[in-house]
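S.K.: Here it is, the structure in full.
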Amino acid sequence: AGFLLTGFQGRSVAEALYEAMEWLSNNSSDQLDLQLAHWLIRRFSPHEPLPEGPTARYEFRDPASGRTVVAELPWKPGGREREDPTRPTPETDYAGWACDFTGINYCVYADTAADALVLRFSSYFSLEDFLRLKPALSYAPKTPLKGSDPRRAAAALAGEDLEHLASYLKRRNTRFKKLLIDLREGSVLFNGSFPGNRRLLEILARGPFRSTTAATVFVPLLSRDPEFLARAFQEGWPLGESLKAEMRRGTKISPPRAFADCATPLCRPGEGDGRPPRTGVQYRLYLLSGPRCASACDQLVSTVKDNGLGEVLGLPSGGSSSPAREAKSFRLADGQTFELTLNFGITYRANGEVLEGNPAGPEKNLYPRPGYLREILSGLR
C-alpha cells in the first residue's frame, strides 16, 4: 500500500537520516521516523539547513511493479517552530465537543455513539501553572493553596482532584462502559506523579497489579565528586543513605525499588504495587498513546500493558524515563562553563524489562490522520 521512498536529493534514505540526526534526536524510534518524514518535506528554517535549490528531488519504488518514480517538488521552508505530526490538534480531534467533567489538567468528554468516555490529559501542570491558568474546574477545591508549602499543597490538591474524578467515573459508569484515556500530549495526573498513576489505576483496575520500579547506577562521578554525590543523595534521606552504603560496598547497580508513596523509607519492590479497593467501577480501559508520552506517562502505559489492565492504541509511548538525574557543571580550558543533566537511573517496566528505549505499544501502530480519534472510538469493542 503506497510507494517506498528510496532516495532524497540524490542520496539514499540512510544518508538522509544520517544528515538529519545532526538536528533530530528522540528516544522513540516511531517519533524519529515521523521527524525524518517531516524533515524531508519541511524544516524549521531559522535553525536547520535547507536543501540546495528551490526544489527537492524524491525517488520512490513501487513495490508491486518494481518501477522507480521520481518527483521534484517546490521546497517550502517551515515556520518559526518545528511542527510535531504526532501532537493532537483540538481543532480536529475535539471539535464541537464540550467537557462533561473538568479537572486540573484534563477534560472528560462523553461520546454516546461509542458508549465511551474520553479522558484527555492536556499538558504537564505544576502548582504554579494551576494558579496562573486558573482552569474552570467542575468542583470547588477545598485545598488551601496560598501560604502553604508548595509541594504539600500540590500533593493535597492532586489527591482532592483524584477523589472528584473517581466519584464522577463511578457515577457515569451506569451509562458508559468504555473509557479511552488520551495520553498523546504527554501528561498524566497533576504533577506528573507516579503515585497519581497508581491511584488512577486503582480506581479502574479489577484486581492487584504490579507497578514500575527504579534502580540507581553508581556511576564513577558519584564517588569522584562529593558535591555531586551530596546533591544526588541528600543528607538524612533514608533511601539516599542506603544507596550510599550500597555504593561503598562496590555495588554497580542498586536493587530495584518502588518509585514513591511507599510504606517504608527504603521503598522496597512491591510497595508501589496497586491494590484496588472495591469501588464498583467497571470500564473497559483503552489508552491512546504516542511518542510525546514520556516519564510518568510512559510508566502508566507500560503498567496497563504489562498487567493486562487494558488495550494500548495509537503509537508506542516515548520510551523515556529518568528516575535519578542531577545537573553537573563543566569548565572548558578557555574558562567557559556549561551544564549537563546526567542520568544515572534505570526504570523497569512492570514485566521486569528496562523501559528506556523499550516502550509499551499497541499490537498494530495507527498513525495520526484526519478523523483519527473518531475512527478509534467507533472501533472500540
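By order of appearance in the C-alpha cells: chains A, B, ..., then residues from 1 within every chain, and ligands from 1 in the order shown.
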So which residues of segment 212-243 of chain A fall under strand (DSSP E or B) by DSSP, listed as a list in words?
M.R.: Thr213, Ala214, Ala215, Thr216 and Val217 of chain A
S.K.: Just the number, please: distance in Å from atom CA of Leu373 of chain A to atom CA of Asp182 of chain A, one decimal.
M.R.: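 These two atoms are separated by 9.4 Å.
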S.K.: For Val312 of chain A, which residue out of A:Leu180, A:Arg152, A:Glu339, A:Ile346 is the nearest one, using only C-alpha atoms?
M.R.: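 Residue with the minimum atom-to-atom distance to Val312 of chain A: A:Leu180.
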S.K.: What lies within 6 Å of Ser320 of chain A using only C-alpha atoms, ignoring chain neighbours under 2 positions off, as a list in words?
M.R.: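 Result of the neighbour search: Ala294, Ser295, Gly318 and Glu356 of chain A.
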S.K.: With C-alpha atoms kept, could you save the residues just selected as a PDB file, in the first residue's frame?
M.R.:
ATOM      1  CA  ALA A 294       7.221  10.140  28.453  1.00  0.00           C
ATOM      2  CA  SER A 295       8.361   9.733  32.055  1.00  0.00           C
ATOM      3  CA  GLY A 318       8.232   7.615  24.190  1.00  0.00           C
ATOM      4  CA  GLU A 356      14.316   3.257  28.315  1.00  0.00           C
TER       5      GLU A 356
END
S.K.: Given the choices A:Gly280, A:Gly10, A:Pro51, A:Pro150, which gets closest to Ile203 of chain A if the distance is worked out from only C-alpha atoms?
M.R.: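 Checking each candidate against Ile203 of chain A, we get A:Gly280 as the closest.
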S.K.: Counting only C-alpha atoms, which residue out of A:Ala156, A:Ala71, A:Val281, A:Leu204 sits closest to Thr174 of chain A?
M.R.: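 That would be A:Val281, the residue with the smallest distance to Thr174 of chain A.
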S.K.: Identify which of the residues A:Ser138, A:Ser12, A:Thr264, A:Ser242 lies closest to Tyr168 of chain A, counting only C-alpha atoms when measuring atom-to-atom distances.
M.R.: A:Ser138
S.K.: Excluding Gly361 of chain A and residues on its chain fewer than 4 positions from it, collect all residues at most 8 Å away from it, counting only C-alpha atoms, and give them as a list in words.
M.R.: Ser289, Val301, Lys305, Val312, Leu313, Gly314, Leu315, Pro316, Ser317 and Asn365 of chain A
S.K.: Show which residues sit within 12 Å of Glu271 of chain A, as a list in words. Count only C-alpha atoms, and ignore same-chain residues fewer than 5 positions away.
M.R.: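 Near Glu271 of chain A, the qualifying residues are Pro195, Arg198, Phe209, Arg210, Ser211, Thr212, Thr213, Pro256, Arg257, Ala258, Phe259, Ala260, Asp261, Cys262, Ala263, Thr264, Pro265 and Leu266 of chain A.
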S.K.: When you count only C-alpha atoms, which of these residues is closest to Ser329 of chain A: A:Tyr372, A:Tyr286, A:Phe228, A:Phe344?
M.R.: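 Closest to Ser329 of chain A of all the choices is A:Phe228.
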S.K.: Between atom CA of Gly159 of chain A and atom CA of Ser321 of chain A, what distance in Å does the model show, to one decimal?
M.R.: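 So the answer is 23.3 Å.
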S.K.: So that I can check the surroundings of Arg171 of chain A, please list as a list in words every protein, DNA and RNA residue that reaches within 12 Å of it, counting only C-alpha atoms and ignoring chain neighbours fewer than 3 positions away.
M.R.: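 Near neighbours after the sequence-gap exclusion: Phe101, His164, Leu165, Ala166, Ser167, Tyr168, Thr174, Arg175, Phe176, Lys177, Thr279, Gly280, Val281, Gln282 and Tyr283 of chain A.
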S.K.: Name the closest residue to Glu375 of chain A among the candidates A:Gly53, A:Ala110, A:Asp93, A:Ser29; distances are taken between atoms, counting only C-alpha atoms.
M.R.: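 Result for the nearest residue to Glu375 of chain A: A:Asp93.
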S.K.: Between atom CA of Leu50 of chain A and atom CA of Trp75 of chain A, what is the spacing in Å?
M.R.: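 It comes out at 8.6 Å.
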S.K.: Mind checking DSSP for segment 175-308 of chain A and telling me the helix (DSSP H, G or I) residues as a ChimeraX atom specification?
M.R.: /A:190-192,194-204,220-224,226-232,238-248,296-306
